[in-house]
file my_file_27.tsv (TSV, C-alpha atoms)
chain	number	residue	atom	x	y	z
S	6	MET	CA	-19.97	6.88	12.65
S	7	LYS	CA	-17.99	5.68	9.64
S	8	ILE	CA	-14.25	5.73	10.25
S	9	GLY	CA	-11.55	5.37	7.61
S	10	VAL	CA	-8.13	4.21	8.81
S	11	PHE	CA	-5.04	3.65	6.69
S	12	ASP	CA	-1.41	2.61	6.91
S	13	SER	CA	1.19	1.23	4.53
S	14	GLY	CA	0.49	-2.26	5.87
S	15	LEU	CA	-0.42	-4.15	9.02
S	16	GLY	CA	0.94	-1.71	11.59
S	17	GLY	CA	-2.12	0.51	11.75
S	18	LEU	CA	-4.12	-2.47	12.98
S	19	THR	CA	-2.47	-1.86	16.38
S	20	VAL	CA	-4.45	1.43	16.36
S	21	VAL	CA	-7.64	-0.36	15.22
S	22	GLN	CA	-7.11	-2.89	18.02
S	23	ALA	CA	-7.02	-0.01	20.55
S	24	MET	CA	-10.12	1.52	18.91
S	25	THR	CA	-12.10	-1.72	19.39
S	26	GLN	CA	-11.70	-1.22	23.17
S	27	VAL	CA	-13.11	2.34	23.10
S	28	ILE	CA	-15.41	2.88	20.10
S	29	LYS	CA	-18.89	1.33	19.76
S	30	GLY	CA	-21.72	1.64	17.24
S	31	ALA	CA	-19.46	2.40	14.29
S	32	GLN	CA	-17.96	0.97	11.12
S	33	ILE	CA	-14.19	0.97	10.61
S	34	PHE	CA	-12.83	0.73	7.05
S	35	TYR	CA	-9.13	-0.12	7.19
S	36	VAL	CA	-6.87	0.22	4.15
S	37	ALA	CA	-3.46	-1.49	4.17
S	38	ASP	CA	-1.57	0.04	1.25
S	39	THR	CA	0.82	-2.91	0.93
S	40	LYS	CA	1.30	-2.25	-2.79
S	41	ASN	CA	3.22	0.94	-1.93
S	42	ALA	CA	4.79	-0.19	1.37
S	43	PRO	CA	6.96	0.76	3.16
S	44	TYR	CA	6.14	4.49	3.34
S	45	GLY	CA	9.14	5.15	5.60
S	46	GLU	CA	11.47	4.94	2.61
S	47	LYS	CA	9.38	6.96	0.12
S	48	THR	CA	9.58	10.70	-0.67
S	49	PRO	CA	7.17	13.15	1.03
S	50	GLU	CA	5.59	13.87	-2.39
S	51	GLN	CA	4.84	10.16	-2.97
S	52	ILE	CA	3.38	9.78	0.54
S	53	ILE	CA	1.11	12.84	0.05
S	54	GLN	CA	-0.18	11.36	-3.23
S	55	TYR	CA	-0.90	7.93	-1.67
S	56	SER	CA	-2.64	9.60	1.27
S	57	LEU	CA	-4.84	11.80	-0.98
S	58	ASP	CA	-5.81	8.82	-3.16
S	59	ILE	CA	-6.72	6.56	-0.22
S	60	THR	CA	-8.72	9.35	1.46
S	61	GLN	CA	-10.65	9.99	-1.75
S	62	TYR	CA	-11.36	6.25	-2.06
S	63	LEU	CA	-12.68	6.12	1.53
S	64	ILE	CA	-14.89	9.18	1.00
S	65	ASP	CA	-16.27	8.00	-2.38
S	66	THR	CA	-16.79	4.34	-1.45
S	67	HIS	CA	-17.65	4.44	2.25
S	68	GLN	CA	-18.75	8.06	2.93
S	69	ILE	CA	-16.47	8.29	5.99
S	70	ASP	CA	-17.03	10.88	8.76
S	71	ALA	CA	-13.55	10.54	10.25
S	72	LEU	CA	-10.08	9.66	8.97
S	73	ILE	CA	-7.26	8.18	11.06
S	74	LEU	CA	-3.74	8.26	9.66
S	75	ALA	CA	-2.53	5.16	11.51
S	76	CYS	CA	0.95	5.77	10.19
S	77	ASN	CA	3.56	8.11	11.68
S	78	THR	CA	5.23	8.63	8.29
S	79	ALA	CA	1.99	9.58	6.50
S	80	THR	CA	1.08	11.91	9.39
S	81	SER	CA	4.35	13.82	9.24
S	82	SER	CA	4.24	14.14	5.43
S	83	ALA	CA	0.56	14.49	4.57
S	84	ILE	CA	-1.75	15.48	7.44
S	85	ALA	CA	-1.55	19.26	6.92
S	86	HIS	CA	-2.33	18.79	3.22
S	87	LEU	CA	-5.28	16.46	3.92
S	88	ARG	CA	-6.79	18.92	6.41
S	89	GLU	CA	-6.57	21.66	3.80
S	90	VAL	CA	-8.28	19.54	1.12
S	91	HIS	CA	-10.97	18.05	3.44
S	92	PRO	CA	-11.80	20.72	6.06
S	93	SER	CA	-15.10	19.13	7.16
S	94	LEU	CA	-13.61	15.69	7.89
S	95	ILE	CA	-12.41	14.72	11.38
S	96	ILE	CA	-8.73	13.95	10.71
S	97	ILE	CA	-6.46	12.49	13.39
S	98	GLY	CA	-2.82	11.59	12.89
S	99	THR	CA	-0.22	9.53	14.72
S	100	GLU	CA	2.92	11.04	16.11
S	101	PRO	CA	5.62	9.68	18.39
S	102	GLY	CA	4.56	9.87	22.05
S	103	ILE	CA	7.44	11.97	23.32
S	104	LYS	CA	5.18	13.95	25.65
S	105	PRO	CA	3.96	10.92	27.66
S	106	ALA	CA	7.53	9.57	27.62
S	107	LEU	CA	8.76	12.78	29.29
S	108	ALA	CA	6.10	12.40	31.95
S	109	GLN	CA	7.04	8.77	32.66
S	110	THR	CA	10.84	8.67	32.51
S	111	VAL	CA	12.70	8.38	35.82
S	112	THR	CA	16.27	8.27	34.48
S	113	GLY	CA	15.65	11.20	32.08
S	114	LYS	CA	16.82	9.00	29.19
S	115	ILE	CA	14.32	8.30	26.43
S	116	GLY	CA	14.68	6.14	23.35
S	117	VAL	CA	12.82	6.79	20.11
S	118	LEU	CA	12.48	4.04	17.51
S	119	ALA	CA	11.03	5.26	14.20
S	120	THR	CA	11.27	5.01	10.42
S	121	PRO	CA	13.93	7.14	8.70
S	122	ALA	CA	11.18	9.39	7.21
S	123	THR	CA	9.58	10.11	10.61
S	124	LEU	CA	12.86	11.04	12.29
S	125	GLN	CA	13.86	13.33	9.41
S	126	GLY	CA	10.40	14.95	9.25
S	127	GLU	CA	9.97	18.55	10.32
S	128	LYS	CA	6.97	17.64	12.54
S	129	TYR	CA	9.02	15.22	14.66
S	130	GLN	CA	12.09	17.49	14.80
S	131	LYS	CA	10.03	20.43	16.11
S	132	LEU	CA	8.23	18.26	18.67
S	133	ALA	CA	11.47	16.74	19.99
S	134	GLN	CA	13.20	20.14	20.24
S	135	THR	CA	10.28	21.85	21.98
S	136	LEU	CA	9.66	19.11	24.52
S	137	SER	CA	13.28	18.32	25.34
S	138	SER	CA	13.88	22.03	26.08
S	139	GLN	CA	11.14	21.89	28.75
S	140	LYS	CA	12.71	19.09	30.75
S	141	CYS	CA	16.29	17.94	31.17
S	142	VAL	CA	16.28	14.72	29.16
S	143	GLU	CA	18.52	12.90	26.74
S	144	ILE	CA	16.81	11.48	23.66
S	145	TYR	CA	18.39	8.49	21.92
S	146	GLU	CA	16.97	8.35	18.40
S	147	GLN	CA	17.23	5.24	16.28
S	148	ALA	CA	16.02	4.83	12.69
S	149	CYS	CA	14.92	1.24	12.02
S	150	PRO	CA	15.13	0.64	8.25
S	151	GLY	CA	13.84	-2.79	7.27
S	152	LEU	CA	11.92	-3.48	10.49
S	153	VAL	CA	8.50	-2.76	8.94
S	154	GLN	CA	9.23	-5.27	6.15
S	155	GLN	CA	10.19	-7.96	8.68
S	156	ILE	CA	6.94	-7.40	10.61
S	157	GLU	CA	4.86	-7.39	7.40
S	158	LYS	CA	6.30	-10.82	6.51
S	159	GLY	CA	5.30	-12.12	9.95
S	160	GLU	CA	8.98	-12.51	10.88
S	161	ILE	CA	8.64	-11.34	14.47
S	162	ASP	CA	10.86	-13.86	16.25
S	163	THR	CA	13.37	-14.73	13.53
S	164	PRO	CA	17.14	-14.43	14.17
S	165	GLU	CA	17.36	-11.62	11.58
S	166	THR	CA	14.76	-9.47	13.38
S	167	GLN	CA	16.35	-10.20	16.76
S	168	ALA	CA	19.79	-9.18	15.42
S	169	LEU	CA	18.44	-5.87	14.07
S	170	LEU	CA	16.72	-5.04	17.36
S	171	GLU	CA	19.78	-6.02	19.40
S	172	LYS	CA	22.00	-3.73	17.31
S	173	TRP	CA	19.59	-0.78	17.66
S	174	LEU	CA	18.75	-1.26	21.33
S	175	ALA	CA	22.21	-2.05	22.77
S	176	PRO	CA	23.20	1.67	23.10
S	177	MET	CA	19.87	2.41	24.85
S	178	ARG	CA	20.35	-0.49	27.25
S	179	GLU	CA	23.92	0.63	28.05
S	180	ASN	CA	22.80	4.23	28.62
S	181	ASN	CA	20.05	3.34	31.10
S	182	VAL	CA	17.11	4.33	28.88
S	183	ASP	CA	13.92	3.54	30.84
S	184	THR	CA	11.23	4.72	28.38
S	185	ILE	CA	11.06	3.91	24.67
S	186	VAL	CA	8.74	5.65	22.22
S	187	LEU	CA	7.49	3.30	19.49
S	188	GLY	CA	7.40	5.86	16.69
S	189	CYS	CA	5.76	3.60	14.12
S	190	THR	CA	2.43	1.79	14.44
S	191	HIS	CA	4.11	-1.50	13.37
S	192	TYR	CA	6.51	-1.53	16.33
S	193	PRO	CA	4.07	-2.58	19.10
S	194	LEU	CA	4.11	-5.95	17.32
S	195	VAL	CA	7.70	-6.47	18.51
S	196	SER	CA	7.11	-5.10	22.06
S	197	ARG	CA	7.93	-8.43	23.68
S	198	ASN	CA	11.25	-8.68	21.81
S	199	ILE	CA	12.19	-5.12	22.85
S	200	GLU	CA	11.42	-5.82	26.52
S	201	THR	CA	13.54	-8.99	26.44
S	202	ILE	CA	16.53	-7.25	24.83
S	203	MET	CA	16.36	-4.24	27.18
S	204	ASN	CA	16.50	-6.73	30.05
S	205	SER	CA	15.11	-4.24	32.57
S	206	LYS	CA	11.79	-2.62	33.38
S	207	VAL	CA	11.21	-0.39	30.39
S	208	SER	CA	8.04	1.60	29.55
S	209	LEU	CA	6.98	1.33	25.91
S	210	ILE	CA	4.86	4.19	24.60
S	211	HIS	CA	2.55	3.75	21.63
S	212	THR	CA	-0.33	5.97	20.73
S	213	GLY	CA	-3.34	3.78	19.80
S	214	GLU	CA	-5.20	4.41	23.04
S	215	ALA	CA	-4.74	8.20	22.92
S	216	ILE	CA	-5.95	8.30	19.29
S	217	SER	CA	-9.06	6.25	20.17
S	218	LYS	CA	-10.03	8.55	23.05
S	219	HIS	CA	-9.45	11.66	20.94
S	220	LEU	CA	-11.62	10.19	18.15
S	221	LEU	CA	-14.40	9.39	20.62
S	222	THR	CA	-14.40	12.96	21.96
S	223	LEU	CA	-14.48	14.55	18.48
S	224	GLY	CA	-17.07	12.05	17.24
S	225	MET	CA	-19.43	12.69	20.16
S	226	GLN	CA	-19.16	16.44	19.59
S	227	LYS	CA	-20.55	15.73	16.10
S	228	GLY	CA	-23.39	13.58	17.44
S	229	HIS	CA	-21.90	10.07	17.58
S	230	ILE	CA	-23.66	7.88	20.16
S	231	ASN	CA	-21.19	5.35	21.50
S	232	GLU	CA	-23.50	2.33	21.72
S	233	GLY	CA	-24.01	-0.84	19.71
S	234	THR	CA	-21.77	-3.13	17.70
S	235	LEU	CA	-18.55	-2.25	15.93
S	236	GLU	CA	-17.80	-3.60	12.44
S	237	VAL	CA	-14.25	-3.78	11.12
S	238	HIS	CA	-13.75	-4.07	7.33
S	239	ILE	CA	-10.21	-4.70	6.08
S	240	HIS	CA	-9.02	-3.76	2.59
S	241	THR	CA	-5.58	-4.24	1.10
S	242	THR	CA	-3.99	-2.98	-2.12
S	243	GLY	CA	-1.57	-5.93	-2.39
S	244	GLU	CA	-0.33	-9.02	-0.60
S	245	ILE	CA	-0.77	-9.20	3.18
S	246	HIS	CA	0.07	-11.68	5.93
S	247	THR	CA	-3.39	-12.88	7.02
S	248	GLN	CA	-2.20	-14.72	10.16
S	249	MET	CA	-0.85	-11.42	11.47
S	250	ILE	CA	-4.27	-9.80	10.92
S	251	ASP	CA	-5.97	-12.64	12.80
S	252	SER	CA	-3.57	-12.28	15.74
S	253	LEU	CA	-4.34	-8.55	15.98
S	254	ILE	CA	-8.07	-8.32	15.29
S	255	GLY	CA	-10.33	-11.00	16.72
S	256	THR	CA	-13.32	-10.56	14.44
S	257	TYR	CA	-13.60	-8.61	11.21
S	258	GLU	CA	-15.64	-8.76	8.02
S	259	LYS	CA	-13.89	-10.52	5.14
S	260	LEU	CA	-10.67	-9.20	3.61
S	261	HIS	CA	-11.05	-7.28	0.33
S	262	LEU	CA	-8.35	-6.70	-2.29
S	263	ILE	CA	-8.92	-3.24	-3.76
S	264	GLU	CA	-7.44	-1.01	-6.42
S	265	ILE	CA	-6.97	2.65	-5.60
S	266	LYS	CA	-6.84	5.01	-8.54
S	267	SER	CA	-4.50	7.97	-8.53
S	268	HIS	CA	-6.17	11.34	-8.96

call {"tool": "encode", "arguments": {"input": "my_file_27.tsv", "output": "structure tokens"}}
result
Amino acid sequence: MKIGVFDSGLGGLTVVQAMTQVIKGAQIFYVADTKNAPYGEKTPEQIIQYSLDITQYLIDTHQIDALILACNTATSSAIAHLREVHPSLIIIGTEPGIKPALAQTVTGKIGVLATPATLQGEKYQKLAQTLSSQKCVEIYEQACPGLVQQIEKGEIDTPETQALLEKWLAPMRENNVDTIVLGCTHYPLVSRNIETIMNSKVSLIHTGEAISKHLLTLGMQKGHINEGTLEVHIHTTGEIHTQMIDSLIGTYEKLHLIEIKSH
């Protein structure tokens, strides 16, 4: 199976990392669209165009069988459009794990950290409304502008990143939030910082594992045999922090700088 995965930068590698635990006998082609990052502050029209262009590149160059949108923002803006344009492709998106958070919370108080675009998106709004009407919970939403850029620069433990997280998490800590949804694939990279600031046992929900299992099920329905080695190829459209890649993915083929043409 040939699997295309893309994100605006490094964050989607948290999904690839989860996939390496589940998927065998496949090739993963990862595109970090750092030239256009961050998506969370772009318009839906721009995000749809980037998503279409990257998908076309992956189909033309690597003949992919499956596409993973390892980006919450791209999923909320572009997945419906991509499914319309490429009906025969397995397409799986990433959305905030509110459902598992509802199942896990004990206090009934859930935090959601996400990009501004994800929180404003219709997909997220509908999901949050539907699920919170099924169970008596309070959802504390927090947009995190600038956090993706800090993570992309490798600035995980700097005072600036800590100060941002402290400001965003303080209301959740004070309100006894016990489950936090990481609504962006970059955010698992600051899990440790979040746990320290919350200063209590907090469950962090991110969706890499669920995506990997879903992909395996759909792939096997189409004849994928889950045996053998897994190759990971990483492509980037601009500058990228290579040490961060190395800390996330143990072994991968060499890094390629690519140009993606707009259609």

call {"tool": "closest_residue", "arguments": {"input": "my_file_27.tsv", "among": "S:Asn180, S:Ser82, S:Leu221, S:Glu258", "to": "Lys47 (chain S)", "atoms": "only C-alpha atoms"}}
result
S:Ser82

call {"tool": "closest_residue", "arguments": {"input": "my_file_27.tsv", "among": "S:Lys104, S:Lys266, S:Arg88, S:His238", "to": "Leu136 (chain S)", "atoms": "only C-alpha atoms"}}
result
S:Lys104

call {"tool": "atom_distance", "arguments": {"input": "my_file_27.tsv", "atom1": "CA of Ala71 (chain S)", "atom2": "CA of Gly98 (chain S)"}}
result
11.1 Å

call {"tool": "closest_residue", "arguments": {"input": "my_file_27.tsv", "among": "S:Arg178, S:Lys131, S:His261, S:Lys140", "to": "Met203 (chain S)", "atoms": "all atoms listed in the file"}}
result
S:Arg178

call {"tool": "residues_around", "arguments": {"input": "my_file_27.tsv", "residues": "Glu46 (chain S)", "least_positions_apart": "4", "cutoff": "12 Å", "atoms": "only C-alpha atoms", "output": "VMD selection string"}}
result
chain S and resid 13 41 to 42 50 to 52 78 to 79 119 to 125 148 to 154

call {"tool": "residues_around", "arguments": {"input": "my_file_27.tsv", "residues": "Val111 (chain S)", "least_positions_apart": "3", "cutoff": "12 Å", "atoms": "all atoms listed in the file", "output": "ChimeraX atom specification"}}
result
/S:106-108,114-115,140-143,181-184,206-208

call {"tool": "write_last_selection", "arguments": {"input": "my_file_27.tsv", "atoms": "C-alpha atoms", "output": "PDB file, in the coordinates of the input"}}
result
ATOM      1  CA  ALA S 106       7.530   9.570  27.620  1.00  0.00           C
ATOM      2  CA  LEU S 107       8.760  12.780  29.290  1.00  0.00           C
ATOM      3  CA  ALA S 108       6.100  12.400  31.950  1.00  0.00           C
ATOM      4  CA  LYS S 114      16.820   9.000  29.190  1.00  0.00           C
ATOM      5  CA  ILE S 115      14.320   8.300  26.430  1.00  0.00           C
ATOM      6  CA  LYS S 140      12.710  19.090  30.750  1.00  0.00           C
ATOM      7  CA  CYS S 141      16.290  17.940  31.170  1.00  0.00           C
ATOM      8  CA  VAL S 142      16.280  14.720  29.160  1.00  0.00           C
ATOM      9  CA  GLU S 143      18.520  12.900  26.740  1.00  0.00           C
ATOM     10  CA  ASN S 181      20.050   3.340  31.100  1.00  0.00           C
ATOM     11  CA  VAL S 182      17.110   4.330  28.880  1.00  0.00           C
ATOM     12  CA  ASP S 183      13.920   3.540  30.840  1.00  0.00           C
ATOM     13  CA  THR S 184      11.230   4.720  28.380  1.00  0.00           C
ATOM     14  CA  LYS S 206      11.790  -2.620  33.380  1.00  0.00           C
ATOM     15  CA  VAL S 207      11.210  -0.390  30.390  1.00  0.00           C
ATOM     16  CA  SER S 208       8.040   1.600  29.550  1.00  0.00           C
TER      17      SER S 208
END

call {"tool": "atom_distance", "arguments": {"input": "my_file_27.tsv", "atom1": "CA of Thr99 (chain S)", "atom2": "CA of Ala75 (chain S)"}}
result
5.9 Å

call {"tool": "atom_distance", "arguments": {"input": "my_file_27.tsv", "atom1": "CA of Ser205 (chain S)", "atom2": "CA of Asp162 (chain S)"}}
result
19.4 Å

call {"tool": "residues_around", "arguments": {"input": "my_file_27.tsv", "residues": "region 54-67 of chain S", "least_positions_apart": "5", "cutoff": "9 Å", "atoms": "only C-alpha atoms", "output": "count of residues only"}}
result
22
